[in-house]
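File shown here: coords-v6.txt, holding compact mmCIF, C-alpha atoms and all ligand atoms.
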```txt
# COMPACT_ATOMS: atom_id res chain seq x y z
CA MET T 1 -48.04 37.65 44.19
CA GLY T 2 -47.14 34.28 42.60
CA SER T 3 -48.65 34.92 39.18
CA VAL T 4 -51.10 37.26 37.49
CA LEU T 5 -53.15 35.14 35.09
CA ARG T 6 -55.88 37.52 33.99
CA GLU T 7 -56.02 41.27 34.52
CA GLU T 8 -58.85 43.60 33.50
CA ASN T 9 -58.90 47.38 33.97
CA GLY T 10 -56.16 47.23 36.60
CA THR T 11 -57.88 44.47 38.60
CA ILE T 12 -56.38 41.01 38.92
CA ARG T 13 -59.33 38.76 38.01
CA GLN T 14 -57.39 35.51 38.22
CA GLY T 15 -54.05 34.89 39.85
CA ILE T 16 -52.18 32.95 42.48
CA LEU T 17 -50.82 34.28 45.75
CA LEU T 18 -47.82 32.48 47.17
CA CYS T 19 -46.92 32.37 50.86
CA THR T 20 -43.34 33.65 51.17
CA ASN T 21 -42.66 31.71 54.37
CA PRO T 22 -40.21 29.02 53.13
CA ARG T 23 -41.79 26.48 55.51
CA CYS T 24 -45.25 27.11 54.02
CA GLN T 25 -45.15 28.14 50.34
CA CYS T 26 -48.91 27.53 50.08
CA GLU T 27 -50.75 28.84 47.03
CA TYR T 28 -53.97 30.82 47.32
CA PRO T 29 -56.08 31.59 44.23
CA ILE T 30 -57.63 34.88 43.17
CA ILE T 31 -60.93 34.02 41.49
CA ASP T 32 -63.18 36.67 39.91
CA GLY T 33 -61.00 39.30 41.60
CA ILE T 34 -61.48 37.74 45.06
CA PRO T 35 -58.39 36.42 46.88
CA ILE T 36 -59.26 33.21 48.75
CA ILE T 37 -57.00 33.02 51.80
CA VAL T 38 -58.21 30.32 54.17
CA ALA T 39 -56.28 27.90 56.35
CA ASP T 40 -57.55 24.70 54.74
CA LEU T 41 -57.80 25.66 51.09
CA ARG T 42 -58.46 22.15 49.77
CA THR T 43 -61.49 21.66 52.02
CA PHE T 44 -62.81 25.16 51.30
CA ILE T 45 -62.53 24.77 47.52
CA SER T 46 -64.09 21.31 47.48
CA GLN T 47 -66.96 22.38 49.77
CA ASN T 48 -67.66 25.50 47.71
CA ILE T 49 -67.06 24.15 44.25
CA SER T 50 -70.64 24.74 43.07
CA ALA T 51 -70.34 28.46 43.89
CA ILE T 52 -66.81 28.72 42.54
CA ALA T 53 -67.62 27.02 39.24
CA SER T 54 -71.09 28.50 38.85
CA ARG T 55 -71.91 30.53 35.73
CA CYS T 56 -73.22 34.07 35.99
CA ASP T 57 -74.27 34.42 32.33
CA PHE T 58 -77.56 32.50 32.32
CA THR T 59 -80.65 34.34 31.17
CA ALA T 60 -83.38 34.78 33.78
CA GLU T 61 -85.45 32.13 31.98
CA ILE T 62 -82.72 29.46 32.08
CA GLU T 63 -81.95 30.36 35.70
CA SER T 64 -85.63 29.88 36.57
CA LEU T 65 -85.82 26.54 34.74
CA ILE T 66 -82.69 25.27 36.54
CA GLY T 67 -84.19 26.44 39.85
CA ASP T 68 -87.44 24.54 39.21
CA CYS T 69 -85.49 21.39 38.28
CA CYS T 70 -83.24 21.52 41.35
CA GLY T 71 -86.22 22.07 43.62
CA PRO T 72 -86.76 23.79 46.97
CA GLY T 73 -84.02 23.16 49.53
CA SER T 74 -81.44 22.41 46.81
CA ASP T 75 -78.02 24.02 47.03
CA TYR T 76 -78.93 26.11 43.97
CA ASN T 77 -82.07 27.55 45.54
CA VAL T 78 -80.61 27.97 49.03
CA ARG T 79 -77.80 30.01 47.50
CA ARG T 80 -80.30 32.11 45.50
CA GLN T 81 -82.37 32.74 48.63
CA TYR T 82 -79.31 33.86 50.60
CA LEU T 83 -78.21 36.20 47.84
CA SER T 84 -81.73 37.57 47.43
CA THR T 85 -81.96 38.40 51.14
CA TYR T 86 -78.62 40.19 51.53
CA ALA T 87 -78.44 41.89 48.13
CA PHE T 88 -81.91 43.32 48.86
CA ASP T 89 -80.94 44.54 52.33
CA HIS T 90 -77.61 45.97 51.16
CA TYR T 91 -78.60 47.59 47.88
CA GLY T 92 -82.42 47.65 47.64
CA ASP T 93 -82.50 51.39 48.44
CA LEU T 94 -80.55 52.01 45.19
CA ASP T 95 -82.85 49.90 43.02
CA PRO T 96 -85.20 52.13 40.97
CA LEU T 97 -87.80 49.35 41.22
CA GLU T 98 -87.90 49.71 45.06
CA PRO T 99 -89.03 53.34 45.31
CA GLY T 100 -90.07 53.18 48.98
CA LEU T 101 -86.76 52.00 50.41
CA THR T 102 -84.29 54.33 52.16
CA PRO T 103 -80.97 53.49 53.82
CA GLU T 104 -82.22 55.17 57.00
CA ALA T 105 -85.19 52.80 57.32
CA PRO T 106 -85.21 51.08 60.74
CA GLY T 107 -84.10 47.48 60.27
CA SER T 108 -81.81 48.13 57.31
CA ILE T 109 -78.14 47.20 57.56
CA VAL T 110 -77.10 50.78 56.76
CA ASN T 111 -79.21 52.06 59.64
CA LEU T 112 -77.66 49.49 61.98
CA ALA T 113 -74.12 50.28 60.79
CA ARG T 114 -74.64 54.03 61.24
CA LYS T 115 -75.91 53.50 64.78
CA GLY T 116 -72.83 51.37 65.52
CA LEU T 117 -70.49 54.02 64.12
CA ALA T 118 -72.17 56.74 66.19
CA LEU T 119 -71.74 54.57 69.29
CA ALA T 120 -68.08 53.83 68.50
CA GLY T 121 -66.99 57.47 68.87
CA PRO T 122 -63.90 59.06 67.30
CA PRO T 123 -63.08 58.19 63.68
CA PRO T 124 -60.47 55.48 63.12
CA GLN T 125 -57.13 56.28 61.51
CA GLY T 126 -55.85 53.36 59.50
CA PRO T 127 -57.20 50.24 57.81
CA ILE T 128 -60.65 48.90 58.67
CA LEU T 129 -61.82 45.29 58.68
CA ASP T 130 -65.49 44.53 57.88
CA LEU T 131 -66.01 40.93 58.98
CA GLY T 132 -68.89 38.93 57.51
CA CYS T 133 -69.42 41.73 54.98
CA ALA T 134 -71.77 39.58 52.81
CA ALA T 135 -72.80 41.64 49.74
CA GLY T 136 -70.52 44.47 50.85
CA ARG T 137 -72.66 47.54 51.56
CA THR T 138 -71.21 48.16 55.02
CA SER T 139 -67.68 48.15 53.59
CA PHE T 140 -68.68 50.95 51.19
CA GLU T 141 -70.35 52.83 54.07
CA LEU T 142 -67.17 52.59 56.16
CA ALA T 143 -64.95 53.82 53.31
CA HIS T 144 -67.29 56.74 52.68
CA ALA T 145 -67.53 57.64 56.37
CA PHE T 146 -63.79 57.58 57.12
CA GLY T 147 -61.82 57.73 53.85
CA GLU T 148 -59.69 54.82 55.09
CA MET T 149 -58.84 51.50 53.44
CA VAL T 150 -61.56 48.91 54.09
CA LEU T 151 -61.26 45.16 53.67
CA GLY T 152 -64.55 43.24 53.52
CA ILE T 153 -64.20 39.60 54.58
CA ASP T 154 -66.68 36.79 54.05
CA LEU T 155 -66.72 33.11 53.11
CA ASN T 156 -69.76 33.18 50.82
CA LEU T 157 -68.55 33.50 47.23
CA ASP T 158 -71.94 34.43 45.74
CA MET T 159 -72.10 37.38 48.08
CA LEU T 160 -68.46 38.34 47.58
CA ARG T 161 -69.04 38.30 43.81
CA THR T 162 -71.98 40.66 44.27
CA ALA T 163 -69.79 42.91 46.42
CA ALA T 164 -66.98 42.75 43.84
CA GLY T 165 -69.51 43.59 41.08
CA ALA T 166 -70.57 46.72 42.99
CA LEU T 167 -66.89 47.63 43.34
CA HIS T 168 -65.47 46.87 39.89
CA GLU T 169 -68.49 47.00 37.56
CA LYS T 170 -70.34 49.65 39.59
CA SER T 171 -73.48 47.60 39.22
CA VAL T 172 -75.52 45.16 41.27
CA SER T 173 -77.33 42.22 39.72
CA TYR T 174 -79.15 39.63 41.82
CA PRO T 175 -82.12 37.26 41.85
CA ARG T 176 -84.82 38.82 44.04
CA ARG T 177 -87.11 36.18 45.48
CA ARG T 178 -90.81 36.86 44.95
CA VAL T 179 -92.39 33.62 46.15
CA GLY T 180 -91.38 29.95 46.35
CA MET T 181 -88.87 29.37 43.56
CA ALA T 182 -89.93 32.45 41.56
CA TYR T 183 -87.14 35.03 41.43
CA ASP T 184 -86.96 38.29 39.47
CA ARG T 185 -83.56 39.38 38.24
CA ARG T 186 -82.74 42.89 39.34
CA GLY T 187 -79.88 44.97 37.98
CA PHE T 188 -78.99 48.63 38.58
CA PRO T 189 -75.95 50.90 38.74
CA VAL T 190 -74.29 51.84 42.04
CA ASP T 191 -71.49 54.30 42.74
CA PHE T 192 -70.08 54.69 46.24
CA PRO T 193 -67.76 57.58 47.06
CA GLY T 194 -64.46 56.20 48.37
CA ALA T 195 -65.02 52.78 46.74
CA GLU T 196 -61.43 52.80 45.45
CA GLN T 197 -60.37 52.24 49.08
CA VAL T 198 -62.40 49.00 49.36
CA ASP T 199 -61.54 45.39 48.57
CA PHE T 200 -63.21 42.05 49.25
CA TRP T 201 -61.44 38.83 50.26
CA ALA T 202 -62.60 35.33 51.16
CA CYS T 203 -61.19 34.69 54.66
CA ASP T 204 -62.40 33.09 57.87
CA ALA T 205 -63.36 35.60 60.59
CA THR T 206 -62.26 33.10 63.23
CA ALA T 207 -58.78 32.57 61.75
CA LEU T 208 -57.68 35.75 60.02
CA PRO T 209 -54.55 35.76 57.86
CA PHE T 210 -53.06 39.02 59.14
CA ALA T 211 -50.27 39.98 61.52
CA PRO T 212 -51.60 41.19 64.91
CA GLY T 213 -52.44 44.84 65.56
CA GLN T 214 -52.93 46.01 61.96
CA PHE T 215 -56.43 47.51 62.02
CA SER T 216 -57.88 50.70 63.46
CA LEU T 217 -61.53 49.55 63.45
CA ALA T 218 -63.28 46.23 62.93
CA THR T 219 -66.96 45.57 62.42
CA SER T 220 -68.82 42.32 62.90
CA PHE T 221 -72.44 42.91 61.94
CA ASN T 222 -74.65 39.90 62.62
CA LEU T 223 -71.81 37.45 62.26
CA MET T 224 -71.14 36.10 65.75
CA ASP T 225 -74.05 33.63 65.69
CA CYS T 226 -73.03 32.39 62.21
CA VAL T 227 -69.48 31.23 62.96
CA GLY T 228 -68.37 27.85 64.29
CA SER T 229 -66.64 29.43 67.27
CA PRO T 230 -67.87 32.86 68.46
CA TYR T 231 -65.10 32.76 71.09
CA ASP T 232 -62.40 32.36 68.41
CA HIS T 233 -64.06 35.17 66.49
CA LEU T 234 -63.73 37.47 69.53
CA LEU T 235 -60.11 36.36 70.03
CA ALA T 236 -59.39 37.10 66.36
CA LEU T 237 -60.88 40.58 66.80
CA ALA T 238 -58.70 41.23 69.85
CA LYS T 239 -55.61 40.21 67.87
CA MET T 240 -56.36 42.26 64.76
CA LEU T 241 -56.94 45.63 66.44
CA LYS T 242 -54.26 48.16 67.34
CA PRO T 243 -54.32 48.89 71.10
CA GLY T 244 -56.87 51.59 71.94
CA THR T 245 -58.93 51.05 68.77
CA ARG T 246 -62.44 49.68 68.64
CA ALA T 247 -64.70 47.04 67.17
CA ILE T 248 -68.45 47.24 66.60
CA LEU T 249 -70.37 44.01 67.12
CA SER T 250 -74.03 43.32 66.52
CA THR T 251 -75.82 40.04 66.95
CA PRO T 252 -79.37 38.79 67.31
CA TYR T 253 -78.04 35.63 69.08
CA ASP T 254 -80.06 33.56 66.60
CA TRP T 255 -78.14 30.36 67.36
CA SER T 256 -78.44 27.36 65.09
CA VAL T 257 -76.52 24.09 65.19
CA SER T 258 -75.98 24.21 61.44
CA ALA T 259 -73.57 27.12 62.08
CA THR T 260 -72.41 26.78 65.69
CA PRO T 261 -72.27 23.67 67.91
CA VAL T 262 -74.28 24.18 71.11
CA GLU T 263 -71.10 23.95 73.23
CA SER T 264 -69.86 27.12 71.52
CA TRP T 265 -73.04 29.21 71.82
CA ILE T 266 -72.77 32.29 74.00
CA GLY T 267 -75.83 31.70 76.18
CA GLY T 268 -78.96 30.16 74.68
CA HIS T 269 -78.62 27.00 76.80
CA SER T 270 -78.25 25.90 80.43
CA GLN T 271 -81.17 27.96 81.69
CA ARG T 272 -80.72 26.41 85.14
CA SER T 273 -77.64 28.62 85.60
CA GLN T 274 -77.52 32.04 87.25
CA ASN T 275 -77.99 33.82 83.89
CA ARG T 276 -80.98 31.62 83.00
CA GLY T 277 -79.55 31.00 79.52
CA ALA T 278 -79.35 34.70 78.57
CA SER T 279 -76.67 35.59 76.04
CA GLU T 280 -75.98 39.25 76.86
CA PRO T 281 -74.50 38.71 80.37
CA ILE T 282 -72.29 35.91 79.07
CA LEU T 283 -70.91 38.13 76.30
CA ARG T 284 -70.24 40.88 78.87
CA SER T 285 -68.54 38.40 81.20
CA LEU T 286 -66.34 37.15 78.34
CA LEU T 287 -64.83 40.62 77.91
CA ALA T 288 -62.03 42.17 80.00
CA GLY T 289 -62.93 42.40 83.68
CA GLY T 290 -66.12 40.45 83.04
CA GLY T 291 -65.27 37.68 85.48
CA HIS T 292 -65.66 34.74 83.07
CA PRO T 293 -62.83 32.20 83.58
CA MET T 294 -62.10 32.48 79.82
CA ALA T 295 -62.54 36.27 79.62
CA ILE T 296 -60.66 37.88 76.72
CA GLU T 297 -58.48 40.48 78.45
CA GLY T 298 -57.70 42.05 75.07
CA LEU T 299 -61.26 43.39 74.61
CA ALA T 300 -63.17 45.72 76.96
CA LEU T 301 -66.82 46.72 76.58
CA VAL T 302 -67.23 50.50 76.12
CA ALA T 303 -70.85 50.98 74.97
CA GLU T 304 -73.92 48.94 74.09
CA VAL T 305 -77.53 49.12 72.94
CA CYS T 306 -79.55 46.05 73.81
CA ASP T 307 -82.24 46.20 71.14
CA TRP T 308 -81.45 47.75 67.76
CA PRO T 309 -83.70 46.54 64.90
CA TRP T 310 -82.43 44.55 61.94
CA SER T 311 -84.76 42.89 59.46
CA VAL T 312 -84.14 40.24 56.86
CA ARG T 313 -86.40 39.84 53.82
CA LEU T 314 -87.16 36.26 52.74
CA HIS T 315 -89.75 36.91 50.03
CA ASP T 316 -92.56 39.33 49.13
CA ARG T 317 -94.69 38.21 52.07
CA SER T 318 -92.08 37.25 54.64
CA ARG T 319 -89.54 39.07 56.76
CA VAL T 320 -87.69 38.19 59.94
CA GLN T 321 -87.56 41.11 62.38
CA TYR T 322 -84.56 40.82 64.68
CA SER T 323 -83.64 42.83 67.71
CA THR T 324 -79.85 42.94 67.85
CA HIS T 325 -77.45 43.47 70.72
CA LEU T 326 -75.12 46.20 69.47
CA ALA T 327 -71.84 46.56 71.36
CA VAL T 328 -68.64 48.55 71.02
CA VAL T 329 -65.48 46.98 72.42
CA GLU T 330 -62.00 48.46 72.75
CA ALA T 331 -58.68 46.67 72.28
CA THR T 332 -56.84 46.93 75.58
CA GLY T 333 -53.49 45.86 74.13
CA ALA T 334 -53.44 42.69 76.27
CA LEU T 335 -52.89 40.18 73.46
CA PRO T 336 -54.46 36.73 73.77
CA ALA T 337 -51.88 34.28 75.21
CA GLU T 338 -50.82 32.56 71.99
CA THR T 339 -50.03 35.85 70.19
CA ALA T 340 -48.30 37.56 73.14
CA PRO T 341 -44.59 38.06 72.37
C1 LIG W 1 -76.15 36.91 58.94
S1 LIG W 1 -75.07 37.33 57.64
C2 LIG W 1 -74.77 39.05 57.99
C3 LIG W 1 -74.20 39.76 56.82
C4 LIG W 1 -73.95 41.25 57.00
N1 LIG W 1 -72.90 41.54 57.95
C5 LIG W 1 -75.20 41.95 57.38
O1 LIG W 1 -75.40 42.21 58.57
O2 LIG W 1 -76.02 42.20 56.50
C6 LIG W 1 -73.56 36.57 58.17
C7 LIG W 1 -72.45 36.62 57.13
O3 LIG W 1 -71.28 36.07 57.71
C8 LIG W 1 -70.64 35.22 56.76
N2 LIG W 1 -69.84 34.24 57.52
C9 LIG W 1 -70.26 33.16 58.20
N3 LIG W 1 -69.22 32.54 58.78
C10 LIG W 1 -68.11 33.26 58.46
C11 LIG W 1 -66.73 33.14 58.77
N4 LIG W 1 -66.27 32.15 59.54
N5 LIG W 1 -65.87 34.05 58.28
C12 LIG W 1 -66.32 35.07 57.50
N6 LIG W 1 -67.63 35.25 57.18
C13 LIG W 1 -68.51 34.35 57.65
C14 LIG W 1 -71.80 34.61 55.98
O4 LIG W 1 -71.36 34.14 54.73
C15 LIG W 1 -72.74 35.80 55.88
O5 LIG W 1 -72.46 36.58 54.76
```
Would it be possible to restate this file's structure as structure tokens?
Amino acid sequence: MGSVLREENGTIRQGILLCTNPRCQCEYPIIDGIPIIVADLRTFISQNISAIASRCDFTAEIESLIGDCCGPGSDYNVRRQYLSTYAFDHYGDLDPLEPGLTPEAPGSIVNLARKGLALAGPPPQGPILDLGCAAGRTSFELAHAFGEMVLGIDLNLDMLRTAAGALHEKSVSYPRRRVGMAYDRRGFPVDFPGAEQVDFWACDATALPFAPGQFSLATSFNLMDCVGSPYDHLLALAKMLKPGTRAILSTPYDWSVSATPVESWIGGHSQRSQNRGASEPILRSLLAGGGHPMAIEGLALVAEVCDWPWSVRLHDRSRVQYSTHLAVVEATGALPAETAP
């Protein structure tokens, strides 16, 4: 800890972390209680400055007026849409204004996470990493299920703020998209057993700032097709896990070039090849014993379900229904080459 600049109710709201390696000595800020620990801090801060500097105290009316002025497709409205989608999926079942929603509903993230946990087998003993945690519900689920420390990691600050609000304020407040640029502000209390074991950090799931072999479980729900390098994400998973522990991965393989260059997609191209462009066999072949020339010997497939539902709400009259590939992998202890001692 370099300096604590603002502390509220035992939480450091603003501060600066300092790398103790004398050859590094980089500073990393804590903003709104969220440590930002990324490799290229200057680029991250400058690319995310509108989220970092955004105000959360506007009335719904001012927020709506700003949204109308910025227009559809603007950074402001894209960020609102994203937040609307994930806050709804993560916390809608706790909103008194959504009486029909339950966490068990097929397609919900809680339902998907619970299926993954059932597939993963024995409970982990030790810290858990929830990669691409978005608004944070799965991190709370993991802490409740296992009573272990859970670190939720994401790069989206709007979502991390929502997650941090659920943790520190015990409340969720978000703009719920109704239609077009019309959003209704929703706010309600939440209280998750075991929440004191949870924290949320801004870190890159393809370049994690932890020493190898620290975690007893990692989850990556619907993240792999959102990162620049799915392969580096798998390598990072292999490095983070203690030997013999497991990771739960789900993905709808919904590739887009805005997130992942085509060269890095796992399947989804080159349909002239033996796998006819399918993603699932390529993922299997990339794991230990899978026969891919770049197979990650540190991760072995132990269980999978090829079609578990996950749905994403866009607005009152639109949802995307995904069918995810849910897989459990085990850390074999064979560290990727560059981390091997
Ligand atoms: C499709 S959403 C899934 C969110 C959540 N896991 C769920 O299933 O509801 C993908 C999430 O990954 C985050 N993300 C994308 N790239 C990331 C990266 N390199 N490191 C960490 N998080 C990332 C996004 O900000 C987003 O919150």
key: Nearest to ligand LIG 1 (chain W), chosen from T:Cys70, T:Ile248, T:Leu283, T:Val179, with all atoms listed in the file counted in the distances   =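 Ranking T:Cys70, T:Ile248, T:Leu283, T:Val179 by distance to ligand LIG 1 (chain W), first place goes to T:Ile248.
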ask   = Using only C-alpha atoms, which of T:Thr138, T:Thr20, T:Ser216, T:Asn275 sits nearest Gly116 (chain T)?
value =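 For Gly116 (chain T), the nearest of the given residues is T:Thr138.
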key: Proximity to ligand LIG 1 (chain W) - best of T:Arg55, T:Arg185, T:His90, T:Arg313, all atoms listed in the file   =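 The shortest atom-to-atom distance to ligand LIG 1 (chain W) comes from T:His90.
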inquiry  = To check your reading of the model: which residues sit at most 7 Å from ligand LIG 1 (chain W) when counting only C-alpha atoms and all ligand atoms? Write the answer as a VMD selection string.
reply    = chain T and resid 86 89 to 90 109 131 to 134 153 to 156 159 203 to 206 220 to 223 226 to 228
Go ahead and save the residues from that selection, with C-alpha atoms, as a compact mmCIF listing (two decimals), keeping the file's coordinate frame.
```txt
# COMPACT_ATOMS: atom_id res chain seq x y z
CA TYR T 86 -78.62 40.19 51.53
CA ASP T 89 -80.94 44.54 52.33
CA HIS T 90 -77.61 45.97 51.16
CA ILE T 109 -78.14 47.20 57.56
CA LEU T 131 -66.01 40.93 58.98
CA GLY T 132 -68.89 38.93 57.51
CA CYS T 133 -69.42 41.73 54.98
CA ALA T 134 -71.77 39.58 52.81
CA ILE T 153 -64.20 39.60 54.58
CA ASP T 154 -66.68 36.79 54.05
CA LEU T 155 -66.72 33.11 53.11
CA ASN T 156 -69.76 33.18 50.82
CA MET T 159 -72.10 37.38 48.08
CA CYS T 203 -61.19 34.69 54.66
CA ASP T 204 -62.40 33.09 57.87
CA ALA T 205 -63.36 35.60 60.59
CA THR T 206 -62.26 33.10 63.23
CA SER T 220 -68.82 42.32 62.90
CA PHE T 221 -72.44 42.91 61.94
CA ASN T 222 -74.65 39.90 62.62
CA LEU T 223 -71.81 37.45 62.26
CA CYS T 226 -73.03 32.39 62.21
CA VAL T 227 -69.48 31.23 62.96
CA GLY T 228 -68.37 27.85 64.29
```
Pick from T:Ile45, T:Ala87, T:Ala105, T:Val329 nearest to Ser173 (chain T), counting all atoms listed in the file = T:Ala87
ask   = So which residues are close to (-62.8, 48.8, 67.8), meaning at most 12 Å away in the file's coordinates with all atoms listed in the file counted, and can you show them as a PyMOL selection string?
value = chain T and resi 116-117+119-130+213-220+234+237-249+298-303+327-333
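Remark: for Met181 (chain T), the closest of the candidate residues T:Ser64, T:Ser258, T:Gln47, T:Gln197 is T:Ser64 (distances computed over all atoms listed in the file).
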key: Option closest in space to Met149 (chain T), from T:Phe200, T:Tyr28, T:Tyr183, T:Phe188 [counting all atoms listed in the file]   = T:Phe200
Could you work out an axis-aligned bounding box for all listed atoms of region 200-211 of chain T, with 6 Å added on each of the six sides, and give its centre and edge lengths in Å to one decimal, as lines of an AutoDock Vina configuration file?
```
center_x = -56.8
center_y = 37.3
center_z = 56.2
size_x = 25.1
size_y = 21.5
size_z = 26.0
```
query = How many Å separate CA of Ala236 (chain T) from CA of Met224 (chain T)?
reply =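 One can read the CA of Ala236 (chain T) to CA of Met224 (chain T) distance as 11.8 Å.
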